Every structure is written in C-alpha cells, then in structure tokens.
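The structure appears right after this line, and notes come after that.
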Amino acid sequence: MKEKKAPLSWNHPEVARYEKTISLKIPGYAHLYEMSDRLLGAQLRQVDGEKRVLVVGAGGGQELVTLGAGHEDWLFTGVDPSAQMLAQAQRRTAEAGLAARVTLQEGTVDALPEQPAYAAATCLLVLHFVKGLAAKRELLQQIAARLRPGAPFCLATIAGDPQSQSFRLQTQAWQTHMLDNGIAMPEWERFAASLGNESDPIPESHVQALMEEAGFEHATRYFGSYLVHAWFAVKR
C-alpha cells in the first residue's frame, strides 16, 4: 500500500526549509519578485508622501528583503497566519538591516486597520491556499479596502483548471523540473496531492474576474511559470 503523505502545514517545523527549496520548485522564482519590485517601483515613483506597503503572506520574507533592498523610503507591514513562517521573515529582514522599516503581524488581513491606507500591496503565492471563490474574493476585497485609490497591487497564484488536460500536462512538466532540481519524490508527491485538497487553484479568467469584483482594474499578467501566474493591477 502506498504511504499516505501528511498534509501541508505552515506551522510544521519543516517549513524552515521553505527558503532553501522554493526557488528550486518554481522556475524563475527570483524573477517573479524582481519583476514585482520593478512594477511597484515604477508606479510609486509617481506618488508623493509616505510609501507604506502591505505584504500579505509575508512569511518567509522574500518580498520584504527584495522590496526593501532597493527602496530606502518604503515602510512595510507584513501579515501571515503562520508563526513559523513569520519567524523566517523576521530573521531575514533583521539580517538585511530592514527591521526598523518592517512591522510583522501574525494573523490575517481583516485584522489590520483600514486607515491610514497603504500605497501598495503584494499577495504572492497565497491565493491558491484560500478555498472557495467567496473566500478568495473576500481576501482581495480586504486588501483593496486598505489601499489608496490608484495603489499598485501584485498578485501571484497557482491558477488553472485541475480537471483539464493542460493542467495535467503542466503538472507533469513541473514534476520533472522539481525532481531534476533536487526535490525528493516524497516532497513532490506531497505537493501534487495538495493541489485541489490543501490548495484550491482556479482558472486564470476567474482570478482576473475576482480582482475586478474586489475593486482592482487594469490587470495585466506579467509572469508565468508552469501553473504559477502573476498579475499587476491598481486599486480602482
């Protein structure tokens, strides 16, 4: 009998390996963050006043160290429900000399005050862990409610129809990438089993529709890596 893989948990001690393995799993992982940084920077150069950036799913710290390195006048609020992941973010921002400009909060976006509004926001590799269209829409609405009009927003998520042939083909190709980059077969199997169970991918068109319904406009896709897609938009 095939061994049943334990479900993913963001509070499991194994998440300490996240920083080392995520770039092996997603082709172009660093480029996703670099491109997000440049898009936000292009928009925020046109903005006067305090530049406070909301980072949703800040655990791990990749957004914080990438955005913080090139923008000395940006301030950050990072929120994440996982204490283990936030510990990584706290360590990495401290090592990067960013601690004075970063506030980390364990929990979810709805616990943050709506004012003063943020100048920008990111939500990278989070939305597919939120189950159901209503809950996904609610998360995006909660983010939009905390942004100034015209504020830039970067969203990245696993997207696609898990029942489609194209999704299965992309998954097969993604498997070979991970295994060729040193990801162990049990870890791949755990990830593959999570798709549609611990995670909830939806088609790209649904993601864009939810962004529109939540209060974002001018959404443009700027990154794609197998089933990972990213969009840039602004708060209406």
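Every chain in the structure tokens has a letter given in the order shown (A, B, ...), and although residue numbers restart at 1 in each chain, ligands are simply numbered from 1 in the order shown.
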
Helix (DSSP H, G or I) positions in region 3-145 of chain A, given as a PyMOL selection string: chain A and resi 13-25+29-44+62-70+83-95+99-101+109-111+127-129+133-144

Report the closest atom pair, with its distance in Å rounded to one decimal, for each residue of region 70-150 of chain A that has an atom no farther than 10 Å from region 55-58 of chain A; count only C-alpha atoms, sort by chain and then rising residue number, and write it as JSON lines.
```
{"residue": "A:Phe76", "atom": "CA", "partner": "A:Val55", "partner_atom": "CA", "distance": 7.1}
{"residue": "A:Thr77", "atom": "CA", "partner": "A:Val55", "partner_atom": "CA", "distance": 6.1}
{"residue": "A:Gly78", "atom": "CA", "partner": "A:Val55", "partner_atom": "CA", "distance": 4.6}
{"residue": "A:Val79", "atom": "CA", "partner": "A:Val56", "partner_atom": "CA", "distance": 5.3}
{"residue": "A:Asp80", "atom": "CA", "partner": "A:Gly57", "partner_atom": "CA", "distance": 4.7}
{"residue": "A:Pro81", "atom": "CA", "partner": "A:Gly57", "partner_atom": "CA", "distance": 7.8}
{"residue": "A:Ser82", "atom": "CA", "partner": "A:Gly57", "partner_atom": "CA", "distance": 8.8}
{"residue": "A:Met85", "atom": "CA", "partner": "A:Ala58", "partner_atom": "CA", "distance": 7.9}
{"residue": "A:Leu86", "atom": "CA", "partner": "A:Ala58", "partner_atom": "CA", "distance": 6.9}
{"residue": "A:Gln88", "atom": "CA", "partner": "A:Ala58", "partner_atom": "CA", "distance": 9.5}
{"residue": "A:Ala89", "atom": "CA", "partner": "A:Ala58", "partner_atom": "CA", "distance": 6.9}
{"residue": "A:Gln90", "atom": "CA", "partner": "A:Ala58", "partner_atom": "CA", "distance": 9.6}
{"residue": "A:Leu104", "atom": "CA", "partner": "A:Ala58", "partner_atom": "CA", "distance": 7.9}
{"residue": "A:Gln105", "atom": "CA", "partner": "A:Ala58", "partner_atom": "CA", "distance": 9.1}
{"residue": "A:Glu106", "atom": "CA", "partner": "A:Ala58", "partner_atom": "CA", "distance": 9.6}
{"residue": "A:Gly107", "atom": "CA", "partner": "A:Gly57", "partner_atom": "CA", "distance": 9.5}
{"residue": "A:Thr108", "atom": "CA", "partner": "A:Val56", "partner_atom": "CA", "distance": 8.1}
{"residue": "A:Val109", "atom": "CA", "partner": "A:Val56", "partner_atom": "CA", "distance": 7.1}
{"residue": "A:Ala120", "atom": "CA", "partner": "A:Val55", "partner_atom": "CA", "distance": 8.7}
{"residue": "A:Ala121", "atom": "CA", "partner": "A:Val55", "partner_atom": "CA", "distance": 5.7}
{"residue": "A:Thr122", "atom": "CA", "partner": "A:Val55", "partner_atom": "CA", "distance": 5.0}
{"residue": "A:Cys123", "atom": "CA", "partner": "A:Val56", "partner_atom": "CA", "distance": 4.9}
{"residue": "A:Leu124", "atom": "CA", "partner": "A:Gly57", "partner_atom": "CA", "distance": 7.1}
{"residue": "A:Leu125", "atom": "CA", "partner": "A:Gly57", "partner_atom": "CA", "distance": 7.9}
{"residue": "A:Val126", "atom": "CA", "partner": "A:Gly57", "partner_atom": "CA", "distance": 6.2}
{"residue": "A:Leu127", "atom": "CA", "partner": "A:Gly57", "partner_atom": "CA", "distance": 9.3}
{"residue": "A:Leu139", "atom": "CA", "partner": "A:Val56", "partner_atom": "CA", "distance": 9.7}
{"residue": "A:Ile143", "atom": "CA", "partner": "A:Val56", "partner_atom": "CA", "distance": 8.3}
```

Every residue of region 42-200 of chain A that DSSP places in strand (DSSP E or B), as a PyMOL selection string: chain A and resi 51-56+74-80+102-106+118+120-124+147+152-159

Export C-alpha atoms of the chosen residues as a PDB file, in the first residue's frame?
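Resulting contents of part.pdb:
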```pdb
ATOM      1  CA  LYS A  51       5.100  54.889   0.904  1.00  0.00           C
ATOM      2  CA  ARG A  52       3.678  52.150   3.128  1.00  0.00           C
ATOM      3  CA  VAL A  53       3.473  48.715   1.517  1.00  0.00           C
ATOM      4  CA  LEU A  54       1.211  45.883   2.685  1.00  0.00           C
ATOM      5  CA  VAL A  55       2.681  42.398   2.202  1.00  0.00           C
ATOM      6  CA  VAL A  56       0.054  39.663   2.505  1.00  0.00           C
ATOM      7  CA  TRP A  74       9.420  52.356   1.778  1.00  0.00           C
ATOM      8  CA  LEU A  75       7.855  51.080   5.010  1.00  0.00           C
ATOM      9  CA  PHE A  76       6.344  47.601   5.263  1.00  0.00           C
ATOM     10  CA  THR A  77       3.590  45.821   7.128  1.00  0.00           C
ATOM     11  CA  GLY A  78       3.733  42.062   6.711  1.00  0.00           C
ATOM     12  CA  VAL A  79       0.889  39.791   7.766  1.00  0.00           C
ATOM     13  CA  ASP A  80       0.839  35.982   7.842  1.00  0.00           C
ATOM     14  CA  VAL A 102       9.207  46.344   8.852  1.00  0.00           C
ATOM     15  CA  THR A 103       6.238  45.554  11.075  1.00  0.00           C
ATOM     16  CA  LEU A 104       5.170  41.901  11.182  1.00  0.00           C
ATOM     17  CA  GLN A 105       1.794  40.720  12.431  1.00  0.00           C
ATOM     18  CA  GLU A 106       0.605  37.162  12.913  1.00  0.00           C
ATOM     19  CA  TYR A 118      -1.344  51.721   2.106  1.00  0.00           C
ATOM     20  CA  ALA A 120       0.849  49.459  -2.482  1.00  0.00           C
ATOM     21  CA  ALA A 121       0.316  45.784  -1.727  1.00  0.00           C
ATOM     22  CA  THR A 122       1.521  42.329  -2.696  1.00  0.00           C
ATOM     23  CA  CYS A 123      -0.102  38.917  -2.341  1.00  0.00           C
ATOM     24  CA  LEU A 124       2.346  36.438  -3.834  1.00  0.00           C
ATOM     25  CA  LEU A 147      -5.251  50.681  -0.300  1.00  0.00           C
ATOM     26  CA  PRO A 152      -0.470  49.232  -7.312  1.00  0.00           C
ATOM     27  CA  PHE A 153      -1.073  45.597  -6.441  1.00  0.00           C
ATOM     28  CA  CYS A 154       0.872  42.453  -7.384  1.00  0.00           C
ATOM     29  CA  LEU A 155      -0.868  39.085  -7.163  1.00  0.00           C
ATOM     30  CA  ALA A 156       0.712  35.685  -7.879  1.00  0.00           C
ATOM     31  CA  THR A 157      -1.040  32.342  -7.542  1.00  0.00           C
ATOM     32  CA  ILE A 158      -1.264  28.836  -8.909  1.00  0.00           C
ATOM     33  CA  ALA A 159      -4.047  29.040 -11.495  1.00  0.00           C
TER      34      ALA A 159
END
```

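You will find CA of Met211 (chain A) at 24.1 Å from CA of Ala30 (chain A).
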
8 Å contact set for Asp37 (chain A), only C-alpha atoms, chain neighbours under 3 positions out, as a ChimeraX atom specification: /A:33-34,40-41,66-67

Export of the given selection (all heavy atoms) as a tab-separated table (two decimals), in the first residue's frame:
```tsv
chain	number	residue	atom	x	y	z
A	33	TYR	N	9.82	38.03	-8.06
A	33	TYR	CA	9.94	39.07	-7.04
A	33	TYR	C	10.64	40.32	-7.59
A	33	TYR	O	10.26	41.45	-7.26
A	33	TYR	CB	10.66	38.51	-5.81
A	33	TYR	CG	9.80	37.53	-5.07
A	33	TYR	CD1	9.72	36.20	-5.47
A	33	TYR	CD2	8.99	37.94	-4.01
A	33	TYR	CE1	8.89	35.30	-4.83
A	33	TYR	CE2	8.15	37.05	-3.37
A	33	TYR	CZ	8.11	35.73	-3.78
A	33	TYR	OH	7.25	34.85	-3.15
A	34	GLU	N	11.64	40.11	-8.43
A	34	GLU	CA	12.31	41.26	-9.05
A	34	GLU	C	11.35	42.03	-9.94
A	34	GLU	O	11.31	43.28	-9.91
A	34	GLU	CB	13.50	40.78	-9.87
A	34	GLU	CG	14.23	41.92	-10.59
A	34	GLU	CD	15.31	41.43	-11.53
A	34	GLU	OE1	15.69	40.25	-11.44
A	34	GLU	OE2	15.75	42.23	-12.36
A	40	LEU	N	6.04	47.77	-8.98
A	40	LEU	CA	5.61	48.63	-7.88
A	40	LEU	C	6.42	49.92	-7.86
A	40	LEU	O	5.88	51.01	-7.64
A	40	LEU	CB	5.77	47.89	-6.55
A	40	LEU	CG	4.88	46.67	-6.31
A	40	LEU	CD1	5.20	46.05	-4.96
A	40	LEU	CD2	3.41	47.03	-6.38
A	41	GLY	N	7.73	49.79	-8.09
A	41	GLY	CA	8.59	50.97	-8.08
A	41	GLY	C	8.22	51.96	-9.16
A	41	GLY	O	8.21	53.18	-8.93
A	66	THR	N	13.41	41.75	-0.85
A	66	THR	CA	13.55	42.21	-2.23
A	66	THR	C	13.11	43.66	-2.36
A	66	THR	O	13.84	44.50	-2.91
A	66	THR	CB	12.72	41.34	-3.19
A	66	THR	OG1	13.16	39.98	-3.10
A	66	THR	CG2	12.88	41.82	-4.63
A	67	LEU	N	11.92	43.98	-1.87
A	67	LEU	CA	11.41	45.35	-1.98
A	67	LEU	C	12.20	46.31	-1.10
A	67	LEU	O	12.45	47.46	-1.49
A	67	LEU	CB	9.94	45.39	-1.59
A	67	LEU	CG	8.97	44.51	-2.40
A	67	LEU	CD1	7.57	44.60	-1.82
A	67	LEU	CD2	8.96	44.92	-3.86
```

Residues near region 166-178 of chain A, cut-off 10 Å, only C-alpha atoms, skip fewer than 6 positions along chain, as an mmCIF file with C-alpha atoms, in the first residue's frame:
```
data_model
loop_
_atom_site.group_PDB
_atom_site.id
_atom_site.type_symbol
_atom_site.label_atom_id
_atom_site.label_comp_id
_atom_site.auth_asym_id
_atom_site.auth_seq_id
_atom_site.Cartn_x
_atom_site.Cartn_y
_atom_site.Cartn_z
ATOM 1 C CA THR A 21 13.541 24.809 -1.526
ATOM 2 C CA ILE A 22 11.004 27.228 -3.010
ATOM 3 C CA SER A 23 13.436 28.591 -5.605
ATOM 4 C CA LEU A 24 14.171 25.008 -6.683
ATOM 5 C CA LYS A 25 10.476 24.348 -7.154
ATOM 6 C CA ILE A 26 9.378 27.403 -9.150
ATOM 7 C CA PRO A 27 11.355 28.273 -12.301
ATOM 8 C CA ALA A 159 -4.047 29.040 -11.495
ATOM 9 C CA GLY A 160 -5.730 26.677 -13.898
ATOM 10 C CA ALA A 184 12.806 14.486 -3.396
ATOM 11 C CA MET A 185 9.991 12.363 -4.798
ATOM 12 C CA GLU A 187 8.100 16.033 -1.329
ATOM 13 C CA TRP A 188 6.835 16.235 -4.917
ATOM 14 C CA GLU A 189 4.114 13.686 -4.147
ATOM 15 C CA PHE A 191 2.851 18.843 -3.251
ATOM 16 C CA ALA A 192 0.949 17.105 -6.080
ATOM 17 C CA LEU A 195 -3.405 20.523 -5.446
ATOM 18 C CA PRO A 203 -8.739 29.233 -13.862
ATOM 19 C CA SER A 225 5.927 29.617 -14.736
ATOM 20 C CA TYR A 226 4.056 26.365 -15.397
ATOM 21 C CA LEU A 227 0.925 26.842 -13.233
#
```

Within 10 Å of Glu72 (chain A) using only C-alpha atoms, minus same-chain residues under 4 positions, as number ranges by chain: A: 67-68, 98, 101

A:Met35, A:Pro113, A:Arg17, A:Asn181 ranked by distance to Gly224 (chain A), top pick (using only C-alpha atoms):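 Going through A:Met35, A:Pro113, A:Arg17, A:Asn181 one by one, the smallest distance to Gly224 (chain A) is for A:Met35.
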
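Minimum distance to Arg38 (chain A) across A:Ile183, A:Gly60, A:Ala209, A:Gly70 (counting only C-alpha atoms) occurs at A:Gly70.
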